[in-house]
file data36.txt (compact mmCIF, C-alpha atoms and all ligand atoms)
# COMPACT_ATOMS: atom_id res chain seq x y z
CA MET D 1 130.09 30.21 99.90
CA ASN D 2 129.01 28.63 103.22
CA ILE D 3 126.54 30.47 105.44
CA LEU D 4 125.75 29.64 109.03
CA VAL D 5 122.20 30.52 110.05
CA ILE D 6 121.54 31.07 113.74
CA ASN D 7 118.22 31.33 115.52
CA ALA D 8 119.03 32.23 119.11
CA GLY D 9 116.47 32.07 121.91
CA SER D 10 117.05 32.93 125.56
CA SER D 11 117.93 29.34 126.50
CA SER D 12 118.31 27.64 123.13
CA LEU D 13 120.04 28.12 119.82
CA LYS D 14 119.28 26.44 116.49
CA TYR D 15 121.72 26.43 113.60
CA GLN D 16 121.95 25.38 109.97
CA LEU D 17 124.96 25.50 107.69
CA PHE D 18 124.24 26.08 103.99
CA ASN D 19 126.42 25.68 100.96
CA MET D 20 124.99 28.41 98.72
CA GLU D 21 126.75 27.20 95.56
CA ASN D 22 124.68 24.03 95.37
CA ASP D 23 121.84 25.06 97.67
CA SER D 24 122.49 22.26 100.12
CA VAL D 25 122.32 21.96 103.91
CA LEU D 26 125.67 20.67 105.21
CA ALA D 27 124.54 20.28 108.80
CA LYS D 28 121.95 21.46 111.28
CA GLY D 29 121.37 21.17 114.98
CA LYS D 30 120.50 22.85 118.21
CA VAL D 31 121.78 23.67 121.67
CA GLU D 32 119.11 23.43 124.36
CA ARG D 33 119.05 24.39 128.05
CA ILE D 34 121.74 27.06 127.76
CA GLY D 35 122.50 28.29 131.27
CA MET D 36 122.41 24.81 132.81
CA ASP D 37 124.98 22.15 133.55
CA THR D 38 122.88 19.67 131.57
CA ALA D 39 122.73 21.57 128.29
CA ILE D 40 122.15 19.35 125.24
CA VAL D 41 123.84 19.73 121.88
CA THR D 42 122.28 17.83 118.97
CA HIS D 43 124.18 17.92 115.71
CA GLU D 44 122.90 16.43 112.43
CA PRO D 45 125.43 16.42 109.59
CA ALA D 46 123.98 15.73 106.12
CA ASP D 47 125.90 12.54 105.35
CA LYS D 48 127.27 11.41 108.69
CA ALA D 49 126.07 10.00 111.97
CA GLU D 50 124.21 12.33 114.32
CA ALA D 51 125.98 13.48 117.50
CA ARG D 52 124.54 14.33 120.90
CA GLU D 53 126.37 15.77 123.89
CA VAL D 54 125.20 16.72 127.35
CA GLY D 55 127.25 19.06 129.54
CA GLU D 56 127.62 22.49 131.07
CA ILE D 57 126.93 25.41 128.73
CA LEU D 58 126.35 28.55 130.74
CA GLU D 59 126.05 31.18 128.04
CA HIS D 60 125.69 31.76 124.30
CA THR D 61 129.40 32.26 123.59
CA THR D 62 130.08 28.74 124.82
CA ALA D 63 127.07 27.46 122.87
CA ILE D 64 128.48 28.91 119.63
CA ARG D 65 131.90 27.49 120.43
CA LYS D 66 130.26 24.07 120.83
CA VAL D 67 128.47 24.47 117.49
CA LEU D 68 131.78 25.32 115.80
CA GLU D 69 133.44 22.32 117.45
CA MET D 70 130.71 20.09 116.07
CA LEU D 71 131.03 21.58 112.58
CA LEU D 72 134.80 20.91 112.68
CA HIS D 73 134.60 17.57 114.52
CA ALA D 74 136.80 14.74 113.15
CA GLN D 75 133.90 12.29 113.05
CA HIS D 76 130.73 14.39 112.83
CA GLY D 77 132.13 17.55 111.28
CA VAL D 78 131.48 18.92 107.81
CA LEU D 79 134.20 21.59 107.58
CA GLY D 80 138.00 21.45 107.53
CA ALA D 81 138.51 24.91 109.03
CA ILE D 82 136.45 27.65 110.62
CA GLU D 83 137.45 29.96 107.75
CA GLU D 84 135.16 27.93 105.50
CA ILE D 85 132.22 29.76 107.09
CA ASP D 86 131.95 32.92 104.97
CA ALA D 87 129.12 34.66 106.79
CA VAL D 88 126.54 34.25 109.53
CA GLY D 89 122.85 35.12 109.28
CA HIS D 90 120.75 35.69 112.41
CA ARG D 91 117.03 35.55 112.88
CA VAL D 92 115.88 38.58 114.85
CA VAL D 93 112.25 38.74 115.92
CA HIS D 94 111.65 42.49 116.13
CA GLY D 95 112.92 45.03 113.65
CA GLY D 96 110.42 47.75 114.64
CA GLU D 97 109.97 50.47 112.04
CA ALA D 98 113.72 50.85 111.60
CA PHE D 99 114.31 47.69 109.57
CA LYS D 100 112.33 47.20 106.40
CA SER D 101 114.69 44.55 105.07
CA SER D 102 117.66 42.44 106.14
CA VAL D 103 120.95 44.28 106.83
CA LEU D 104 124.59 43.60 107.63
CA VAL D 105 125.45 44.01 111.29
CA ASP D 106 127.42 47.11 112.30
CA ASP D 107 127.51 49.20 115.48
CA GLU D 108 124.49 51.28 114.51
CA VAL D 109 122.45 48.15 113.70
CA LYS D 110 123.34 46.68 117.07
CA ARG D 111 122.32 49.90 118.83
CA GLU D 112 118.98 49.88 117.01
CA ILE D 113 118.27 46.23 117.91
CA LYS D 114 118.97 47.14 121.54
CA ARG D 115 116.56 50.09 121.31
CA LEU D 116 113.91 47.55 120.34
CA PHE D 117 114.39 45.44 123.49
CA ASP D 118 111.29 47.09 124.97
CA LEU D 119 109.12 45.79 122.14
CA ALA D 120 110.51 42.24 122.23
CA PRO D 121 111.91 41.77 125.73
CA LEU D 122 112.30 38.01 125.42
CA HIS D 123 113.48 37.69 121.83
CA ASN D 124 115.73 40.58 120.82
CA PRO D 125 118.15 40.25 123.75
CA ALA D 126 118.65 36.59 122.80
CA ALA D 127 119.49 37.55 119.22
CA MET D 128 122.02 40.09 120.51
CA LEU D 129 123.63 37.35 122.60
CA GLY D 130 123.92 35.27 119.42
CA ILE D 131 125.56 38.15 117.53
CA ALA D 132 128.03 38.80 120.35
CA ALA D 133 128.81 35.07 120.62
CA VAL D 134 129.67 34.92 116.92
CA GLU D 135 131.87 38.02 117.25
CA ALA D 136 133.72 36.39 120.14
CA ASN D 137 134.30 33.10 118.34
CA MET D 138 134.69 34.24 114.74
CA PRO D 139 136.03 37.82 114.75
CA GLY D 140 135.73 39.61 111.44
CA VAL D 141 133.19 37.27 109.84
CA PRO D 142 130.35 39.30 108.29
CA GLN D 143 126.99 38.91 110.02
CA ALA D 144 123.53 39.75 108.73
CA VAL D 145 120.24 40.11 110.60
CA VAL D 146 116.91 39.02 109.15
CA PHE D 147 113.79 40.29 110.92
CA ASP D 148 110.44 38.56 111.43
CA THR D 149 108.73 41.93 111.15
CA ALA D 150 110.46 43.34 108.03
CA PHE D 151 108.22 41.74 105.39
CA HIS D 152 105.16 43.35 106.98
CA GLN D 153 106.59 46.88 106.88
CA THR D 154 104.65 47.34 103.62
CA MET D 155 101.33 47.33 105.53
CA PRO D 156 99.43 50.59 104.98
CA ALA D 157 98.54 52.82 107.95
CA PRO D 158 94.89 51.72 108.15
CA ALA D 159 96.14 48.16 108.69
CA TYR D 160 99.00 48.88 111.07
CA LEU D 161 97.51 51.54 113.35
CA TYR D 162 95.35 50.79 116.39
CA PRO D 163 92.40 53.11 117.00
CA VAL D 164 93.84 54.47 120.27
CA PRO D 165 95.31 57.92 121.08
CA MET D 166 98.06 58.68 118.55
CA ALA D 167 100.41 59.64 121.38
CA LEU D 168 100.87 55.92 122.06
CA TYR D 169 102.16 55.48 118.55
CA ARG D 170 104.24 58.66 118.43
CA LYS D 171 105.78 58.29 121.87
CA HIS D 172 105.91 54.53 122.34
CA LYS D 173 105.65 53.01 118.85
CA VAL D 174 102.43 51.23 119.70
CA ARG D 175 101.32 49.86 116.31
CA ARG D 176 100.93 46.54 114.54
CA TYR D 177 104.19 45.04 113.22
CA GLY D 178 103.35 41.40 112.42
CA PHE D 179 105.69 38.41 112.69
CA HIS D 180 106.62 35.22 110.79
CA GLY D 181 107.46 37.56 107.90
CA THR D 182 110.30 35.40 106.61
CA SER D 183 107.92 32.46 106.35
CA HIS D 184 105.06 34.42 104.75
CA ASN D 185 107.54 35.85 102.27
CA TYR D 186 109.00 32.44 101.42
CA VAL D 187 105.70 30.61 100.91
CA SER D 188 104.23 33.45 98.86
CA GLU D 189 107.21 33.31 96.47
CA ARG D 190 106.97 29.51 96.27
CA ALA D 191 103.21 29.71 95.68
CA ALA D 192 103.75 31.87 92.59
CA VAL D 193 106.32 29.39 91.26
CA PHE D 194 104.01 26.46 92.00
CA LEU D 195 101.03 28.14 90.31
CA GLY D 196 103.20 29.21 87.36
CA ARG D 197 101.91 32.78 87.68
CA PRO D 198 103.73 36.06 88.37
CA LEU D 199 103.68 36.93 92.08
CA GLU D 200 102.92 40.55 91.09
CA GLN D 201 99.49 39.46 89.87
CA LEU D 202 98.45 37.34 92.85
CA LYS D 203 96.27 37.97 95.88
CA LEU D 204 97.21 35.41 98.53
CA VAL D 205 96.34 34.56 102.10
CA THR D 206 99.24 32.71 103.69
CA CYS D 207 98.52 30.80 106.90
CA HIS D 208 101.59 30.03 109.04
CA ILE D 209 100.02 27.65 111.56
CA GLY D 210 102.57 26.29 114.02
CA ASN D 211 102.91 26.67 117.77
CA GLY D 212 102.60 30.36 117.05
CA ALA D 213 100.22 31.13 114.21
CA SER D 214 99.47 34.01 111.88
CA CYS D 215 97.75 34.77 108.58
CA ALA D 216 98.93 37.36 106.08
CA ALA D 217 97.17 39.12 103.20
CA ILE D 218 99.66 39.45 100.34
CA VAL D 219 98.98 41.50 97.23
CA GLY D 220 101.56 41.36 94.45
CA GLY D 221 104.15 39.92 96.83
CA ARG D 222 103.69 42.68 99.44
CA SER D 223 102.14 42.13 102.84
CA VAL D 224 99.08 44.39 103.25
CA ASP D 225 97.84 42.94 106.53
CA THR D 226 98.72 40.24 109.02
CA SER D 227 97.05 38.86 112.11
CA MET D 228 99.82 39.32 114.70
CA GLY D 229 100.16 42.85 116.00
CA MET D 230 102.52 44.83 118.19
CA THR D 231 103.43 41.47 119.75
CA PRO D 232 102.89 37.87 118.62
CA LEU D 233 99.84 37.62 120.91
CA GLU D 234 97.27 39.15 118.57
CA GLY D 235 95.29 37.30 115.92
CA LEU D 236 94.65 33.59 115.66
CA MET D 237 94.15 31.23 118.58
CA MET D 238 97.48 29.42 119.12
CA GLY D 239 98.97 26.54 121.11
CA THR D 240 99.21 28.51 124.35
CA ARG D 241 98.34 32.08 123.23
CA SER D 242 94.84 33.51 123.25
CA GLY D 243 95.01 35.57 120.08
CA ASP D 244 92.30 38.23 119.65
CA LEU D 245 90.18 39.10 122.64
CA ASP D 246 88.26 42.03 124.05
CA PRO D 247 90.98 44.22 125.64
CA ALA D 248 88.56 45.02 128.48
CA ILE D 249 89.07 41.44 129.67
CA VAL D 250 92.59 42.34 130.80
CA PRO D 251 91.72 44.83 133.59
CA TYR D 252 88.54 42.88 134.41
CA ALA D 253 90.35 39.54 134.88
CA MET D 254 93.19 41.27 136.76
CA GLY D 255 90.66 42.72 139.22
CA LYS D 256 88.58 39.58 139.65
CA GLU D 257 91.50 37.17 139.98
CA ASP D 258 93.87 39.59 141.70
CA LEU D 259 96.54 39.21 139.01
CA THR D 260 99.68 41.26 138.46
CA LEU D 261 100.73 42.54 135.03
CA SER D 262 103.19 39.72 134.63
CA GLU D 263 100.60 37.15 135.71
CA ILE D 264 98.00 38.29 133.19
CA SER D 265 100.67 38.43 130.50
CA SER D 266 101.75 34.89 131.34
CA MET D 267 98.12 33.72 131.34
CA LEU D 268 97.47 35.08 127.84
CA ASN D 269 100.81 33.99 126.37
CA LYS D 270 101.49 30.68 128.06
CA HIS D 271 98.26 29.32 129.51
CA SER D 272 95.60 30.11 126.92
CA GLY D 273 94.81 28.87 123.39
CA LEU D 274 94.48 25.15 122.66
CA GLN D 275 96.03 24.35 126.04
CA ALA D 276 93.41 26.27 128.02
CA ILE D 277 90.32 25.16 126.12
CA SER D 278 91.26 21.49 125.84
CA GLY D 279 92.76 21.30 129.32
CA LEU D 280 95.07 18.75 127.73
CA SER D 281 97.78 20.03 125.46
CA SER D 282 99.00 22.82 123.20
CA ASP D 283 100.01 20.26 120.59
CA MET D 284 97.55 19.79 117.74
CA ARG D 285 98.47 16.10 117.41
CA GLU D 286 97.27 15.43 120.93
CA ILE D 287 94.16 17.55 120.44
CA VAL D 288 93.17 15.57 117.34
CA GLU D 289 93.88 12.26 119.04
CA ALA D 290 91.75 13.18 122.07
CA MET D 291 89.01 14.58 119.86
CA GLU D 292 88.86 11.36 117.87
CA ALA D 293 88.61 9.42 121.13
CA GLY D 294 85.52 11.48 122.00
CA ASP D 295 86.95 14.23 124.23
CA ARG D 296 84.54 17.17 124.03
CA ASN D 297 86.93 19.84 125.26
CA ALA D 298 89.48 18.82 122.65
CA LYS D 299 86.76 19.07 120.00
CA LEU D 300 85.80 22.54 121.24
CA ALA D 301 89.45 23.64 121.15
CA PHE D 302 89.82 22.35 117.58
CA ASP D 303 86.58 24.02 116.46
CA MET D 304 87.57 27.39 117.94
CA TYR D 305 91.04 27.16 116.41
CA GLU D 306 89.72 26.30 112.96
CA TYR D 307 86.92 28.90 113.14
CA ARG D 308 89.33 31.73 113.80
CA ILE D 309 91.54 30.80 110.85
CA ARG D 310 88.49 30.69 108.62
CA LYS D 311 87.35 34.13 109.80
CA TYR D 312 90.75 35.64 108.98
CA ILE D 313 90.78 34.14 105.49
CA GLY D 314 87.34 35.63 104.87
CA ALA D 315 88.40 38.99 106.26
CA TYR D 316 91.54 39.10 104.13
CA ALA D 317 89.63 38.19 100.96
CA ALA D 318 87.58 41.32 101.72
CA ALA D 319 90.67 43.37 102.61
CA MET D 320 92.25 42.50 99.25
CA ASN D 321 88.98 42.68 97.29
CA GLY D 322 89.74 39.25 95.86
CA LEU D 323 91.64 36.04 96.43
CA ASP D 324 93.61 33.75 94.12
CA ALA D 325 95.05 31.24 96.57
CA VAL D 326 95.32 30.25 100.20
CA VAL D 327 98.59 28.72 101.40
CA PHE D 328 99.04 26.54 104.49
CA THR D 329 102.44 26.17 106.12
CA ALA D 330 104.33 25.38 109.42
CA GLY D 331 103.83 22.47 111.85
CA VAL D 332 100.04 22.32 111.91
CA GLY D 333 99.44 23.81 108.45
CA GLU D 334 101.79 21.35 106.75
CA ASN D 335 100.81 18.26 108.73
CA SER D 336 97.19 18.41 109.84
CA ALA D 337 94.98 17.32 106.95
CA LEU D 338 92.02 17.47 109.32
CA LEU D 339 92.58 21.14 110.14
CA ARG D 340 92.94 22.07 106.46
CA LYS D 341 89.78 20.17 105.61
CA ALA D 342 87.79 21.85 108.39
CA VAL D 343 88.89 25.30 107.21
CA CYS D 344 88.53 24.76 103.47
CA GLU D 345 85.24 22.89 103.36
CA GLN D 346 83.41 25.83 104.82
CA LEU D 347 84.95 28.34 102.43
CA SER D 348 83.23 27.01 99.33
CA PHE D 349 81.39 30.33 98.97
CA LEU D 350 84.74 31.93 98.09
CA GLY D 351 85.15 29.50 95.20
CA ILE D 352 87.28 26.89 96.97
CA GLU D 353 86.59 23.38 95.65
CA PHE D 354 88.38 21.23 98.17
CA ASP D 355 90.08 18.01 96.98
CA GLU D 356 89.87 15.54 99.82
CA GLU D 357 92.21 12.99 98.27
CA ALA D 358 94.95 15.48 97.41
CA ASN D 359 94.71 16.76 100.97
CA LEU D 360 95.62 13.34 102.34
CA THR D 361 98.54 12.48 100.05
CA GLY D 362 102.00 13.88 99.29
CA ARG D 363 103.09 14.61 102.85
CA GLY D 364 106.05 16.97 103.11
CA LEU D 365 105.73 18.09 99.49
CA GLU D 366 104.46 21.28 97.92
CA LYS D 367 100.98 20.44 96.70
CA ARG D 368 97.57 21.71 95.60
CA ILE D 369 94.55 20.58 97.65
CA THR D 370 91.78 22.02 95.49
CA LYS D 371 90.21 20.40 92.44
CA PRO D 372 91.28 21.38 88.92
CA GLY D 373 89.30 24.47 87.91
CA SER D 374 88.70 25.64 91.51
CA LYS D 375 88.29 29.43 91.34
CA VAL D 376 90.45 29.91 94.42
CA GLU D 377 93.29 27.42 94.84
CA VAL D 378 94.62 26.10 98.13
CA LEU D 379 98.25 25.00 98.46
CA VAL D 380 100.37 23.36 101.12
CA ILE D 381 103.96 24.66 101.05
CA PRO D 382 106.53 23.56 103.64
CA THR D 383 108.18 26.69 104.99
CA ASN D 384 111.94 27.23 105.06
CA GLU D 385 112.83 30.28 107.11
CA GLU D 386 116.46 29.22 107.52
CA TRP D 387 116.98 29.09 103.77
CA MET D 388 115.49 32.60 103.41
CA ILE D 389 117.89 33.89 106.08
CA ALA D 390 120.80 32.24 104.25
CA ARG D 391 119.64 33.72 100.93
CA ASP D 392 119.38 37.27 102.33
CA THR D 393 122.75 36.95 104.06
CA TYR D 394 124.34 35.68 100.85
CA ALA D 395 122.90 38.58 98.85
CA LEU D 396 124.13 41.16 101.39
CA VAL D 397 127.61 39.67 101.64
CA LYS D 398 128.03 39.40 97.86
CA HIS D 399 127.36 43.10 97.53
P1 LIG D 401 107.06 26.60 115.99
O1 LIG D 401 106.05 27.70 115.99
O2 LIG D 401 107.52 26.20 117.35
O3 LIG D 401 108.15 26.77 114.96
P2 LIG D 401 106.11 24.45 114.28
O4 LIG D 401 105.81 25.21 113.07
O5 LIG D 401 107.23 23.48 114.27
O6 LIG D 401 106.20 25.37 115.56
O7 LIG D 401 104.78 23.67 114.70
C1 LIG D 401 104.75 22.87 115.84
C2 LIG D 401 103.35 22.32 116.00
O8 LIG D 401 102.98 21.56 114.83
C3 LIG D 401 103.24 21.30 117.14
O9 LIG D 401 102.92 21.94 118.34
C4 LIG D 401 102.12 20.43 116.68
O10 LIG D 401 100.91 20.91 117.26
C5 LIG D 401 101.99 20.64 115.20
N1 LIG D 401 102.13 19.39 114.44
C6 LIG D 401 103.24 18.76 114.06
N2 LIG D 401 102.96 17.61 113.40
C7 LIG D 401 101.60 17.52 113.37
C8 LIG D 401 100.66 16.58 112.85
N3 LIG D 401 101.04 15.49 112.23
N4 LIG D 401 99.35 16.84 113.02
C9 LIG D 401 98.93 17.93 113.67
N5 LIG D 401 99.75 18.84 114.18
C10 LIG D 401 101.07 18.66 114.04
call {"tool": "encode", "arguments": {"input": "data36.txt", "output": "structure tokens"}}
result
Amino acid sequence: MNILVINAGSSSLKYQLFNMENDSVLAKGKVERIGMDTAIVTHEPADKAEAREVGEILEHTTAIRKVLEMLLHAQHGVLGAIEEIDAVGHRVVHGGEAFKSSVLVDDEVKREIKRLFDLAPLHNPAAMLGIAAVEANMPGVPQAVVFDTAFHQTMPAPAYLYPVPMALYRKHKVRRYGFHGTSHNYVSERAAVFLGRPLEQLKLVTCHIGNGASCAAIVGGRSVDTSMGMTPLEGLMMGTRSGDLDPAIVPYAMGKEDLTLSEISSMLNKHSGLQAISGLSSDMREIVEAMEAGDRNAKLAFDMYEYRIRKYIGAYAAAMNGLDAVVFTAGVGENSALLRKAVCEQLSFLGIEFDEEANLTGRGLEKRITKPGSKVEVLVIPTNEEWMIARDTYALVKH
């Protein structure tokens, strides 16, 4: 069975085609700058030359048609006919309280995703465009939706409620949902396999540190807390997002700087984090490079970023009343040995015996970066959200 996984954004769309029989990726790629006459399609088949096309793609239906053309292409294609795609799995950012797991798309599911537009005004409409585009190009093919929030629906009320008037929750669903759930779920399962211990017996803190970043506290395979909240703005300091701050800053800064709601929202989401403190970049590679060349603002940005991750790991060890392992994943977590070292070396009180050499070797592989016998282990596990989406879709379609 072949499953096409689609991650649709407002102006971009990433795809991966899986063969579920042998667990292989047949092709992957992306369409960027949808809506423009210079849209770019990049297609990477597993065993053939890469293809790149630039041209007008004004909306998602055309983007999906382009993707299908690439998958069927005489030179760069990997399929003989469109019918060889058995199902499509979509990443959807917000599942609210309605979706506690992945589901097959039907009219009611589509209505519910639309009801959640308010909570994820940038992301959920894009996912709906992706679903409609697949319907237009591949009528009748089963589609599944996999939500970033679903894994965190196991959080208990003390973790998911905000201490504000309950009317906000009852009337407007103001609560913590958490994101990156597919990734936290994947790396926690892989951690148990790597450690050779049943997931049911483990207390884990998983750290998904990419452009967006979040930590999760996972007990027995169930998320009990996570650092992102009602939106992906809460929690850790990120590339361009502030993460946690005193909410009183919002009206104060709006008054002092004469900002509108959309301006303050843009400031906290797009012009804060590493970018704001370093004054240089939201990319950890550039921060580290500048820091090593002696840039003090880059060093401050790195120190703040690292400090906030460390605080969350400590808090979650307390929340779970114990800790067996910490897992690092995503762009920064998988690649920045320096960040992992900064976090882990100051957590020795928890029983983490950091292994400097292991931290520096085995790039791209699942690995342990603590010494043998360390009371709490630290792992690096490359995430694979697309594979999780394919797996869920496969399971739903087989039923
Ligand atoms: P997204 O949240 O967009 O999916 P990723 O998980 O791909 O992000 O992470 C992207 C980030 O990973 C980049 O912004 C960059 O800061 C960071 N990154 C990638 N490679 C390295 C590296 N070698 N060292 C430090 N940071 C890296």
call {"tool": "closest_residue", "arguments": {"input": "data36.txt", "among": "D:Arg222, D:Arg285, D:Lys30, D:Lys371", "to": "ligand LIG 401 (chain D)", "atoms": "all atoms listed in the file"}}
result
D:Arg285
call {"tool": "residues_near_ligand", "arguments": {"input": "data36.txt", "ligand": "ligand LIG 401 (chain D)", "cutoff": "9 Å", "atoms": "only C-alpha atoms and all ligand atoms", "output": "ChimeraX atom specification"}}
result
/D:208-213,239,281-288,329-339,383
call {"tool": "atom_distance", "arguments": {"input": "data36.txt", "atom1": "atom CA of Leu4 of chain D", "atom2": "atom CA of Ser24 of chain D"}}
result
12.0 Å
call {"tool": "closest_atom_pairs", "arguments": {"input": "data36.txt", "of": "segment 123-217 of chain D", "to": "segment 80-90 of chain D", "cutoff": "9 Å", "atoms": "all atoms listed in the file", "output": "JSON lines"}}
result
{"residue": "D:Ala127", "atom": "CA", "partner": "D:His90", "partner_atom": "CA", "distance": 7.2}
{"residue": "D:Gly130", "atom": "CA", "partner": "D:His90", "partner_atom": "CA", "distance": 7.7}
{"residue": "D:Ile131", "atom": "CA", "partner": "D:His90", "partner_atom": "CA", "distance": 7.4}
{"residue": "D:Val134", "atom": "CA", "partner": "D:Val88", "partner_atom": "CA", "distance": 8.1}
{"residue": "D:Met138", "atom": "CA", "partner": "D:Ile82", "partner_atom": "CA", "distance": 8.0}
{"residue": "D:Val141", "atom": "CA", "partner": "D:Ala87", "partner_atom": "CA", "distance": 5.7}
{"residue": "D:Pro142", "atom": "CA", "partner": "D:Ala87", "partner_atom": "CA", "distance": 5.0}
{"residue": "D:Gln143", "atom": "CA", "partner": "D:Val88", "partner_atom": "CA", "distance": 4.7}
{"residue": "D:Ala144", "atom": "CA", "partner": "D:Gly89", "partner_atom": "CA", "distance": 4.7}
{"residue": "D:Val145", "atom": "CA", "partner": "D:His90", "partner_atom": "CA", "distance": 4.8}
{"residue": "D:Val146", "atom": "CA", "partner": "D:His90", "partner_atom": "CA", "distance": 6.0}
{"residue": "D:Phe147", "atom": "CA", "partner": "D:His90", "partner_atom": "CA", "distance": 8.5}
call {"tool": "residues_around", "arguments": {"input": "data36.txt", "residues": "segment 346-355 of chain D", "least_positions_apart": "4", "cutoff": "12 Å", "atoms": "all atoms listed in the file", "output": "VMD selection string"}}
result
chain D and resid 306 to 307 309 to 318 321 to 326 337 339 to 342 359 to 361 367 to 379
call {"tool": "closest_residue", "arguments": {"input": "data36.txt", "among": "D:Met155, D:His43, D:Asp37, D:Val93", "to": "Phe117 of chain D", "atoms": "all atoms listed in the file"}}
result
D:Val93
call {"tool": "closest_residue", "arguments": {"input": "data36.txt", "among": "D:Met128, D:Ala293, D:Val92, D:Leu58", "to": "Thr182 of chain D", "atoms": "all atoms listed in the file"}}
result
D:Val92
call {"tool": "atom_distance", "arguments": {"input": "data36.txt", "atom1": "atom CA of Pro139 of chain D", "atom2": "atom CA of Ala63 of chain D"}}
result
15.9 Å
call {"tool": "closest_residue", "arguments": {"input": "data36.txt", "among": "D:Ser10, D:Ser278, D:Arg176, D:Met36", "to": "Pro121 of chain D", "atoms": "only C-alpha atoms"}}
result
D:Ser10
call {"tool": "atom_distance", "arguments": {"input": "data36.txt", "atom1": "atom CA of Phe194 of chain D", "atom2": "atom CA of Ile381 of chain D"}}
result
9.2 Å
call {"tool": "closest_atom_pairs", "arguments": {"input": "data36.txt", "of": "segment 171-191 of chain D", "to": "segment 148-152 of chain D", "cutoff": "9 Å", "atoms": "all atoms listed in the file", "output": "JSON lines"}}
result
{"residue": "D:Tyr177", "atom": "CA", "partner": "D:Thr149", "partner_atom": "CA", "distance": 5.9}
{"residue": "D:Gly178", "atom": "CA", "partner": "D:Thr149", "partner_atom": "CA", "distance": 5.6}
{"residue": "D:Phe179", "atom": "CA", "partner": "D:Thr149", "partner_atom": "CA", "distance": 4.9}
{"residue": "D:His180", "atom": "CA", "partner": "D:Asp148", "partner_atom": "CA", "distance": 5.1}
{"residue": "D:Gly181", "atom": "CA", "partner": "D:Asp148", "partner_atom": "CA", "distance": 4.7}
{"residue": "D:Thr182", "atom": "CA", "partner": "D:Asp148", "partner_atom": "CA", "distance": 5.8}
{"residue": "D:Ser183", "atom": "CA", "partner": "D:Asp148", "partner_atom": "CA", "distance": 8.3}
{"residue": "D:His184", "atom": "CA", "partner": "D:Phe151", "partner_atom": "CA", "distance": 8.0}
{"residue": "D:Asn185", "atom": "CA", "partner": "D:Phe151", "partner_atom": "CA", "distance": 6.7}
